[in-house]
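**Q** I have a structure here, written as structure tokens, and I will follow up with some questions on it.
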Amino acid sequence: MSDAPPRGTADGQMGDAPPRRTPDGTVSEVPLLRARGLRLAFGLTEALRGVDVDVCAREIVAVTGPSGSGKSTLLHVLAGVLAPDAGTVDYGGVRVTDLDEEGRSRLRLAEFGFVFQYGQLLPDLSAVDNVTIPLLLTGIRRREALRRAGEWLDRVGVGDCAARLPAEMSGGQAQRVAVARALATGPAVLFADEPTGSLDSLAAETVMLALTGAARESGATVVLITHDPRTAAYADRELTVRDGRVTFGGLVG
Amino acid sequence: MDNTTALLGLLGAGASYGYDLKNSYDRWFGVKKPLALGQVYTTLARLIRYGWIEALGEEAGAGPDRKRYGITPAGRERVMEWMFTPEVPSETMQSNLFAKTIIALLLDDDAGRMLDLQRAQHMARMRHVTAEKKGAPLATVLVCDHALFHIEADLRWIDLTAARLGQLRAEMTR
């Protein structure tokens, strides 16, 4: 995306991040996210029990598995929301697991976008204002932020919902607004946790077409958590998590 | 279902007389349609011709027959090849996959890995069909949707079976 703000260099550590786009525009084979030996327990429950994962630049990867398998925990560790008990996560040239909470927070703000299952839009703001907020936080002036927010809403097919409050939209429309909001700041990686979890088949399809289309267009890498195979089928690759371990497809090559 | 390889797989779990082999087959796979004893012997003769099993001598078994049959290394290789080659999604797929699950458990092999390989094959097909929908006329989209829901039904069975493997293993060793 040409009008993306500069990548976060607040802590001076992001300069080593590799380019997301290879010269021919295809998915890079160099892992952008690389996790090794991840372990994390909540009390006596071992959510992650030695997980190795590679995610390449511009790749759309679906993480699937039954409820309680550890797939959402894996997303939170890869995104630097949770710190693992053991193991490493590397994002480009940055060892995420060496950063303190503030460093991880800066990294998330500068490099990552998030879409969740529901309830993520601010209920008192219109769709266009919801997308504008993160742009304003990066220092873009209001008029320009509004223009870009409107473009993003058009891009995901909900331009006509710009003035509506979240409660005045269908679930599928609200999720597409959430996708626009997550991608508007030009994140390198979009983490989506069950983005179609509360939607019917047709709404899920429109959300996934919007999400994957916009992500590919803007060159974002996507880590998609889902228990729904039809949603996972929009990804380039699937990895399966069972009982805190990746049982299939964790590594590339 | 591939009866021949299922019988071969049962012999992989231990040498058996033809009559006992039929009972074993009926227990796992023949609830609705037991195998005729004649068909068992025809299949055994064929498996000997292929070099996948051998007759082990003439001692009296529980049934009328004298010969015990055991799997050969080539037969064991054939079972492994069958078990870990994912099925092409189709209407007859499910019974083969069920047979593979049972045989993998009887052989104490990695049934979970076998199901993961199958899952990957199904997901590859789903990705292909999903990609076909993009920009296609609505009639094509509807045909693709139909295929996707059928593949999804198989996948749900695969996932549920994977979740039940421990329970199934315990039940089979009782």
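For the structure tokens, the naming scheme is as follows: chains receive sequential letters (A, B, ...) according to their order of presentation, residues are indexed from 1 within each chain, and ligands are indexed from 1 in presentation order.
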Within 7 Å of Asp90 in chain A, counting only C-alpha atoms, which residues qualify if same-chain residues fewer than 6 places away don't, as a VMD selection string?
**A** chain A and resid 33 to 35 96
**Q** Chain A residues within 9 Å of chain B, counting only C-alpha atoms: which ones, as a PyMOL selection string?
**A** chain A and resi 65-66+209+228-230+232-240+242+247-249
**Q** Can you write just those residues out, N, CA, C and O atoms, as an mmCIF file, in the first residue's frame?
**A**
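What ended up in result_24.cif:
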data_model
loop_
_atom_site.group_PDB
_atom_site.id
_atom_site.type_symbol
_atom_site.label_atom_id
_atom_site.label_comp_id
_atom_site.auth_asym_id
_atom_site.auth_seq_id
_atom_site.Cartn_x
_atom_site.Cartn_y
_atom_site.Cartn_z
ATOM 1 N N GLY A 65 -7.653 -26.226 14.442
ATOM 2 C CA GLY A 65 -7.563 -27.193 15.536
ATOM 3 C C GLY A 65 -8.813 -27.109 16.376
ATOM 4 O O GLY A 65 -9.549 -26.128 16.305
ATOM 5 N N PRO A 66 -9.066 -28.149 17.166
ATOM 6 C CA PRO A 66 -10.286 -28.149 17.987
ATOM 7 C C PRO A 66 -10.253 -27.094 19.088
ATOM 8 O O PRO A 66 -9.191 -26.520 19.367
ATOM 9 N N LEU A 209 -13.520 -13.004 1.569
ATOM 10 C CA LEU A 209 -13.110 -12.429 0.285
ATOM 11 C C LEU A 209 -12.534 -11.035 0.494
ATOM 12 O O LEU A 209 -11.510 -10.661 -0.096
ATOM 13 N N ASP A 228 -13.127 -23.391 11.286
ATOM 14 C CA ASP A 228 -14.024 -23.637 10.158
ATOM 15 C C ASP A 228 -13.203 -23.933 8.897
ATOM 16 O O ASP A 228 -12.502 -23.056 8.388
ATOM 17 N N PRO A 229 -13.280 -25.164 8.368
ATOM 18 C CA PRO A 229 -12.477 -25.498 7.193
ATOM 19 C C PRO A 229 -12.781 -24.630 5.985
ATOM 20 O O PRO A 229 -11.893 -24.359 5.175
ATOM 21 N N ARG A 230 -14.055 -24.187 5.839
ATOM 22 C CA ARG A 230 -14.372 -23.350 4.668
ATOM 23 C C ARG A 230 -13.678 -21.999 4.765
ATOM 24 O O ARG A 230 -13.315 -21.401 3.769
ATOM 25 N N ALA A 232 -10.747 -21.649 6.473
ATOM 26 C CA ALA A 232 -9.327 -21.986 6.309
ATOM 27 C C ALA A 232 -8.960 -22.171 4.839
ATOM 28 O O ALA A 232 -7.810 -21.975 4.447
ATOM 29 N N ALA A 233 -9.944 -22.539 4.016
ATOM 30 C CA ALA A 233 -9.676 -22.800 2.602
ATOM 31 C C ALA A 233 -9.325 -21.532 1.824
ATOM 32 O O ALA A 233 -8.869 -21.614 0.686
ATOM 33 N N TYR A 234 -9.508 -20.356 2.426
ATOM 34 C CA TYR A 234 -9.087 -19.113 1.767
ATOM 35 C C TYR A 234 -7.595 -18.860 1.954
ATOM 36 O O TYR A 234 -7.037 -17.955 1.354
ATOM 37 N N ALA A 235 -6.950 -19.647 2.824
ATOM 38 C CA ALA A 235 -5.526 -19.439 3.105
ATOM 39 C C ALA A 235 -4.659 -20.159 2.077
ATOM 40 O O ALA A 235 -5.130 -21.010 1.330
ATOM 41 N N ASP A 236 -3.364 -19.807 2.062
ATOM 42 C CA ASP A 236 -2.423 -20.498 1.179
ATOM 43 C C ASP A 236 -2.000 -21.825 1.785
ATOM 44 O O ASP A 236 -1.625 -22.755 1.084
ATOM 45 N N ARG A 237 -2.049 -21.886 3.104
ATOM 46 C CA ARG A 237 -1.476 -23.039 3.814
ATOM 47 C C ARG A 237 -2.204 -23.196 5.134
ATOM 48 O O ARG A 237 -2.691 -22.220 5.693
ATOM 49 N N GLU A 238 -2.255 -24.437 5.608
ATOM 50 C CA GLU A 238 -2.903 -24.693 6.892
ATOM 51 C C GLU A 238 -1.923 -25.368 7.832
ATOM 52 O O GLU A 238 -1.140 -26.222 7.412
ATOM 53 N N LEU A 239 -1.920 -24.956 9.080
ATOM 54 C CA LEU A 239 -1.212 -25.752 10.078
ATOM 55 C C LEU A 239 -2.199 -26.128 11.175
ATOM 56 O O LEU A 239 -3.080 -25.355 11.533
ATOM 57 N N THR A 240 -2.047 -27.359 11.665
ATOM 58 C CA THR A 240 -3.014 -27.910 12.607
ATOM 59 C C THR A 240 -2.414 -27.994 14.003
ATOM 60 O O THR A 240 -1.297 -28.478 14.160
ATOM 61 N N ARG A 242 -2.975 -29.440 17.837
ATOM 62 C CA ARG A 242 -3.732 -30.365 18.705
ATOM 63 C C ARG A 242 -2.986 -30.510 20.016
ATOM 64 O O ARG A 242 -1.786 -30.758 20.021
ATOM 65 N N THR A 247 0.635 -30.377 14.854
ATOM 66 C CA THR A 247 0.745 -31.756 14.379
ATOM 67 C C THR A 247 0.909 -31.824 12.872
ATOM 68 O O THR A 247 1.208 -32.877 12.330
ATOM 69 N N PHE A 248 0.694 -30.701 12.200
ATOM 70 C CA PHE A 248 0.831 -30.747 10.745
ATOM 71 C C PHE A 248 1.107 -29.363 10.186
ATOM 72 O O PHE A 248 0.443 -28.392 10.573
ATOM 73 N N GLY A 249 2.099 -29.266 9.294
ATOM 74 C CA GLY A 249 2.275 -28.057 8.489
ATOM 75 C C GLY A 249 2.885 -26.862 9.171
ATOM 76 O O GLY A 249 2.730 -25.740 8.699
#
**Q** Among range 19-250 of chain A, which ones does DSSP place in strand (DSSP E), written as a PyMOL selection string?
**A** chain A and resi 31-42+45-56+60-64+86-91+94-95+112-115+189-193+221-225+237-242+245-248
**Q** Would you mind writing down, as number ranges by chain, each residue of range 29-137 of chain A that DSSP on the backbone assigns to helix (DSSP H, G or I)?
**A** A: 71-78, 96-98, 101-111, 127-137
**Q** Just the residues within 12 Å of Gly9 in chain B, please, counting only C-alpha atoms, with nothing from its chain fewer than 3 positions along; format it as an NGL selection string.
**A** :B and (2-6 or 12-16 or 21 or 24-25 or 28 or 47 or 52-53 or 70-72 or 75-83 or 99-109)
**Q** Could you jot down the CA of Thr221 in chain A to CA of Val55 in chain A separation for me, Å, one decimal place?
**A**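 Going from CA of Thr221 in chain A over to CA of Val55 in chain A covers 8.1 Å.
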**Q** Between CA of Lys22 in chain B and CA of Ala111 in chain B, measure the distance and give it in Å to one decimal.
**A** 23.2 Å
**Q** Could you tell me how far CA of Thr196 in chain A sits from CA of Asp52 in chain A, in Å to one decimal place?
**A**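 Going from CA of Asp52 in chain A over to CA of Thr196 in chain A, I get 26.0 Å.
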**Q** Can you list, as a PDB file with N, CA and C atoms, in the first residue's frame, every protein, DNA or RNA residue that comes within 7 Å of range 101-112 of chain A when you count only C-alpha atoms, leaving out same-chain residues fewer than 2 positions away?
**A**
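Done, and the output landed in around.pdb:
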ATOM      1  N   ARG A   7       6.962   2.411   8.789  1.00  0.00           N
ATOM      2  CA  ARG A   7       6.966   1.367   9.801  1.00  0.00           C
ATOM      3  C   ARG A   7       7.580   1.869  11.089  1.00  0.00           C
ATOM      4  N   GLY A   8       7.133   1.303  12.216  1.00  0.00           N
ATOM      5  CA  GLY A   8       7.577   1.754  13.520  1.00  0.00           C
ATOM      6  C   GLY A   8       9.070   1.618  13.725  1.00  0.00           C
ATOM      7  N   ALA A  79       1.970 -12.802  18.215  1.00  0.00           N
ATOM      8  CA  ALA A  79       1.719 -11.357  18.080  1.00  0.00           C
ATOM      9  C   ALA A  79       2.322 -10.562  19.234  1.00  0.00           C
ATOM     10  N   GLY A  80       2.992 -11.238  20.152  1.00  0.00           N
ATOM     11  CA  GLY A  80       3.622 -10.514  21.257  1.00  0.00           C
ATOM     12  C   GLY A  80       2.641 -10.014  22.307  1.00  0.00           C
ATOM     13  N   VAL A  96      11.177 -11.045  19.320  1.00  0.00           N
ATOM     14  CA  VAL A  96      10.016 -10.520  20.044  1.00  0.00           C
ATOM     15  C   VAL A  96      10.049 -10.961  21.506  1.00  0.00           C
ATOM     16  N   LEU A  99      11.804  -8.748  24.000  1.00  0.00           N
ATOM     17  CA  LEU A  99      11.281  -7.401  24.274  1.00  0.00           C
ATOM     18  C   LEU A  99      10.480  -7.395  25.575  1.00  0.00           C
ATOM     19  N   PHE A 114      -5.143  -6.408  13.991  1.00  0.00           N
ATOM     20  CA  PHE A 114      -5.910  -7.494  14.621  1.00  0.00           C
ATOM     21  C   PHE A 114      -7.384  -7.437  14.221  1.00  0.00           C
ATOM     22  N   PRO A 187      -0.433  -2.556   8.334  1.00  0.00           N
ATOM     23  CA  PRO A 187       0.369  -3.488   9.131  1.00  0.00           C
ATOM     24  C   PRO A 187       1.068  -4.517   8.247  1.00  0.00           C
ATOM     25  N   ALA A 188       2.230  -4.979   8.711  1.00  0.00           N
ATOM     26  CA  ALA A 188       2.939  -6.030   7.974  1.00  0.00           C
ATOM     27  C   ALA A 188       2.251  -7.368   8.177  1.00  0.00           C
ATOM     28  N   VAL A 189       1.696  -7.566   9.370  1.00  0.00           N
ATOM     29  CA  VAL A 189       1.028  -8.839   9.662  1.00  0.00           C
ATOM     30  C   VAL A 189      -0.366  -8.563  10.221  1.00  0.00           C
ATOM     31  N   LEU A 190      -1.342  -9.257   9.666  1.00  0.00           N
ATOM     32  CA  LEU A 190      -2.701  -9.177  10.195  1.00  0.00           C
ATOM     33  C   LEU A 190      -3.003 -10.480  10.937  1.00  0.00           C
TER      34      LEU A 190
END
